[in-house]
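Visitor: Just so it is clear, I am handing over data.pdb, which has PDB, C-alpha atoms.
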ATOM      1  CA  MET T   1     -29.864  44.368  44.724
ATOM      2  CA  THR T   2     -26.781  42.313  45.483
ATOM      3  CA  LEU T   3     -27.013  38.744  46.686
ATOM      4  CA  THR T   4     -24.910  37.777  49.661
ATOM      5  CA  ALA T   5     -23.213  34.450  50.201
ATOM      6  CA  GLY T   6     -26.038  33.523  52.559
ATOM      7  CA  ASP T   7     -28.591  34.274  49.856
ATOM      8  CA  TRP T   8     -26.754  31.987  47.424
ATOM      9  CA  VAL T   9     -26.624  29.209  50.005
ATOM     10  CA  THR T  10     -30.375  29.553  50.507
ATOM     11  CA  ILE T  11     -31.042  29.502  46.753
ATOM     12  CA  VAL T  12     -28.816  26.459  46.175
ATOM     13  CA  SER T  13     -30.388  24.659  49.143
ATOM     14  CA  CYS T  14     -33.868  25.303  47.763
ATOM     15  CA  VAL T  15     -32.943  24.080  44.288
ATOM     16  CA  LEU T  16     -31.239  20.952  45.595
ATOM     17  CA  GLY T  17     -34.036  20.277  48.052
ATOM     18  CA  SER T  18     -36.766  20.794  45.475
ATOM     19  CA  GLY T  19     -35.831  17.748  43.444
ATOM     20  CA  THR T  20     -35.038  19.824  40.348
ATOM     21  CA  ILE T  21     -31.546  18.368  40.107
ATOM     22  CA  THR T  22     -32.921  14.856  40.504
ATOM     23  CA  VAL T  23     -35.363  15.406  37.633
ATOM     24  CA  ILE T  24     -32.631  16.823  35.395
ATOM     25  CA  VAL T  25     -30.186  14.009  36.198
ATOM     26  CA  GLN T  26     -32.885  11.369  35.627
ATOM     27  CA  HIS T  27     -33.763  12.945  32.273
ATOM     28  CA  VAL T  28     -30.110  12.886  31.190
ATOM     29  CA  LEU T  29     -29.696   9.276  32.340
ATOM     30  CA  ASP T  30     -32.851   8.222  30.457
ATOM     31  CA  TRP T  31     -31.575   9.939  27.300
ATOM     32  CA  VAL T  32     -28.153   8.252  27.571
ATOM     33  CA  GLN T  33     -29.749   4.858  28.138
ATOM     34  CA  ALA T  34     -32.091   5.290  25.151
ATOM     35  CA  THR T  35     -29.178   6.375  22.958
ATOM     36  CA  CYS T  36     -27.129   3.345  23.984
ATOM     37  CA  LYS T  37     -30.038   0.997  23.290
ATOM     38  CA  ARG T  38     -30.481   2.468  19.798
ATOM     39  CA  GLU T  39     -26.801   1.907  19.082
ATOM     40  CA  GLU T  40     -26.980  -1.716  20.249
ATOM     41  CA  THR T  41     -29.798  -2.873  17.986
ATOM     42  CA  LEU T  42     -29.029  -5.620  15.484
ATOM     43  CA  GLU T  43     -29.812  -3.252  12.635
ATOM     44  CA  VAL T  44     -27.309  -0.642  13.832
ATOM     45  CA  LYS T  45     -24.678  -3.303  14.486
ATOM     46  CA  ALA T  46     -25.200  -4.651  10.959
ATOM     47  CA  ARG T  47     -24.853  -1.176   9.425
ATOM     48  CA  ASN T  48     -21.691  -0.528  11.406
ATOM     49  CA  CYS T  49     -20.250  -3.883  10.338
ATOM     50  CA  ILE T  50     -20.954  -3.224   6.661
ATOM     51  CA  SER T  51     -19.600   0.313   6.964
ATOM     52  CA  ARG T  52     -16.373  -0.930   8.589
ATOM     53  CA  HIS T  53     -15.853  -3.561   5.909
ATOM     54  CA  SER T  54     -16.594  -1.062   3.124
ATOM     55  CA  ALA T  55     -14.152   1.423   4.635
ATOM     56  CA  LEU T  56     -11.460  -1.240   4.930
ATOM     57  CA  SER T  57     -12.046  -2.239   1.307
ATOM     58  CA  MET T  58     -11.644   1.402   0.210
ATOM     59  CA  LEU T  59      -8.415   1.703   2.225
ATOM     60  CA  LYS T  60      -7.097  -1.479   0.605
ATOM     61  CA  THR T  61      -7.889  -0.093  -2.853
ATOM     62  CA  VAL T  62      -6.054   3.187  -2.200
ATOM     63  CA  HIS T  63      -3.117   1.229  -0.753
ATOM     64  CA  ARG T  64      -2.968  -1.256  -3.644
ATOM     65  CA  ASP T  65      -3.080   1.536  -6.228
ATOM     66  CA  SER T  66      -0.452   3.571  -4.376
ATOM     67  CA  VAL T  67       1.921   0.622  -4.024
ATOM     68  CA  ALA T  68       1.535  -0.153  -7.741
ATOM     69  CA  ARG T  69       2.189   3.515  -8.573
ATOM     70  CA  GLY T  70       5.073   3.786  -6.124
ATOM     71  CA  TRP T  71       3.672   6.865  -4.375
ATOM     72  CA  VAL T  72       0.408   8.188  -2.937
ATOM     73  CA  PRO T  73      -1.128  11.458  -4.198
ATOM     74  CA  LEU T  74      -1.995  13.909  -1.421
ATOM     75  CA  ASP T  75      -5.685  13.813  -2.365
ATOM     76  CA  ASP T  76      -5.706  10.031  -2.005
ATOM     77  CA  LEU T  77      -3.870  10.234   1.313
ATOM     78  CA  GLU T  78      -6.351  12.795   2.668
ATOM     79  CA  GLU T  79      -9.272  10.663   1.506
ATOM     80  CA  ALA T  80      -7.710   7.564   3.045
ATOM     81  CA  GLN T  81      -7.217   9.412   6.339
ATOM     82  CA  GLU T  82     -10.856  10.486   6.400
ATOM     83  CA  ILE T  83     -11.995   6.941   5.628
ATOM     84  CA  TYR T  84      -9.662   5.552   8.301
ATOM     85  CA  ASP T  85     -10.947   7.998  10.933
ATOM     86  CA  SER T  86     -14.521   6.842  10.286
ATOM     87  CA  TYR T  87     -13.428   3.198  10.207
ATOM     88  CA  HIS T  88     -11.633   3.597  13.535
ATOM     89  CA  THR T  89     -14.626   5.376  15.099
ATOM     90  CA  LEU T  90     -16.806   2.399  14.157
ATOM     91  CA  GLY T  91     -14.406   0.061  15.959
ATOM     92  CA  GLY T  92     -12.225  -1.086  13.071
ATOM     93  CA  ASN T  93      -9.322  -3.333  13.985
ATOM     94  CA  GLY T  94      -5.593  -3.058  13.325
ATOM     95  CA  ALA T  95      -5.768  -3.832   9.592
ATOM     96  CA  GLY T  96      -6.849  -0.286   8.758
ATOM     97  CA  SER T  97      -4.235   1.133  11.147
ATOM     98  CA  ARG T  98      -1.459  -0.748   9.352
ATOM     99  CA  ILE T  99      -2.697   0.432   5.956
ATOM    100  CA  ILE T 100      -2.956   4.110   6.907
ATOM    101  CA  ALA T 101       0.469   4.002   8.590
ATOM    102  CA  ASP T 102       1.978   2.553   5.414
ATOM    103  CA  LEU T 103       0.279   5.200   3.262
ATOM    104  CA  GLN T 104       1.561   7.951   5.558
ATOM    105  CA  ARG T 105       5.130   6.669   5.148
ATOM    106  CA  MET T 106       4.932   6.670   1.339
ATOM    107  CA  LYS T 107       6.188   9.507  -0.817
ATOM    108  CA  ASN T 108       3.391  11.784  -1.921
ATOM    109  CA  TYR T 109       4.918  12.886  -5.191
ATOM    110  CA  PRO T 110       5.925  10.983  -8.330
ATOM    111  CA  PRO T 111       9.537   9.886  -8.630
ATOM    112  CA  THR T 112      11.733  12.029 -10.828
ATOM    113  CA  HIS T 113      13.774  10.216 -13.437
TER     114      HIS T 113
END
Would you encode the structure as structure tokens?
Guide:
Amino acid sequence: MTLTAGDWVTIVSCVLGSGTITVIVQHVLDWVQATCKREETLEVKARNCISRHSALSMLKTVHRDSVARGWVPLDDLEEAQEIYDSYHTLGGNGAGSRIIADLQRMKNYPPTH
């Protein structure tokens, strides 16, 4: 059996008229609202704040060590990038961006004498 365009119009009209879409949309909206509320609790904000500050501290350590060494090992650069991505996702400010940009500009091999 093949459905015609008229059949599809009838099916869509029945689905839209039945309130099914309304129920689905309301369920999605309720889920989004509940998710947003969970992310706005003081406890979650505190965890995010501590996580951002810890990530920034780790970036500063990698940067300080790399500057003292005169170059950044690839493993350290990859780790710093991963830390920065998480830091940025949590809403970190420009301090981490400046550090990762500086690390990316550094040589990633030891100087030859």
Visitor: Any chance you could work out the residue set of the PyMOL selection byres ((chain T and resi 91) around 12) here, as a CSV table (one decimal) with C-alpha atoms, keeping the file's coordinate frame?
Guide:
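Saved to expr.csv:
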chain,number,residue,atom,x,y,z
T,45,LYS,CA,-24.7,-3.3,14.5
T,48,ASN,CA,-21.7,-0.5,11.4
T,49,CYS,CA,-20.2,-3.9,10.3
T,50,ILE,CA,-21.0,-3.2,6.7
T,51,SER,CA,-19.6,0.3,7.0
T,52,ARG,CA,-16.4,-0.9,8.6
T,53,HIS,CA,-15.9,-3.6,5.9
T,55,ALA,CA,-14.2,1.4,4.6
T,56,LEU,CA,-11.5,-1.2,4.9
T,84,TYR,CA,-9.7,5.6,8.3
T,85,ASP,CA,-10.9,8.0,10.9
T,86,SER,CA,-14.5,6.8,10.3
T,87,TYR,CA,-13.4,3.2,10.2
T,88,HIS,CA,-11.6,3.6,13.5
T,89,THR,CA,-14.6,5.4,15.1
T,90,LEU,CA,-16.8,2.4,14.2
T,92,GLY,CA,-12.2,-1.1,13.1
T,93,ASN,CA,-9.3,-3.3,14.0
T,94,GLY,CA,-5.6,-3.1,13.3
T,95,ALA,CA,-5.8,-3.8,9.6
T,96,GLY,CA,-6.8,-0.3,8.8
T,97,SER,CA,-4.2,1.1,11.1
Visitor: What's the separation between CA of Val44 (chain T) and CA of Ser57 (chain T), in Å to one decimal place?
Guide: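 Spanning CA of Val44 (chain T) to CA of Ser57 (chain T) is a straight-line distance of 19.8 Å.
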Visitor: Need the shell around region 106-112 of chain T: protein/DNA/RNA residues with any atom at most 8 Å away, counting all atoms listed in the file. Skip same-chain ones fewer than 3 positions apart. Format as a list in words?
Guide: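 Answer for this query is Gly70, Trp71, Val72, Pro73, Leu74, Asp102 and Leu103 of chain T.
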Visitor: I'd like to know which of T:Val67, T:Ile100, T:Val28, T:Ala46 is closest to Gln81 (chain T), using only C-alpha atoms.
Guide: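 Looking at the shortest contact to Gln81 (chain T), the residue is T:Ile100.
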Visitor: Report, in Å with one decimal, the straight-line distance from CA of Thr10 (chain T) to CA of His27 (chain T).
Guide: 24.9 Å
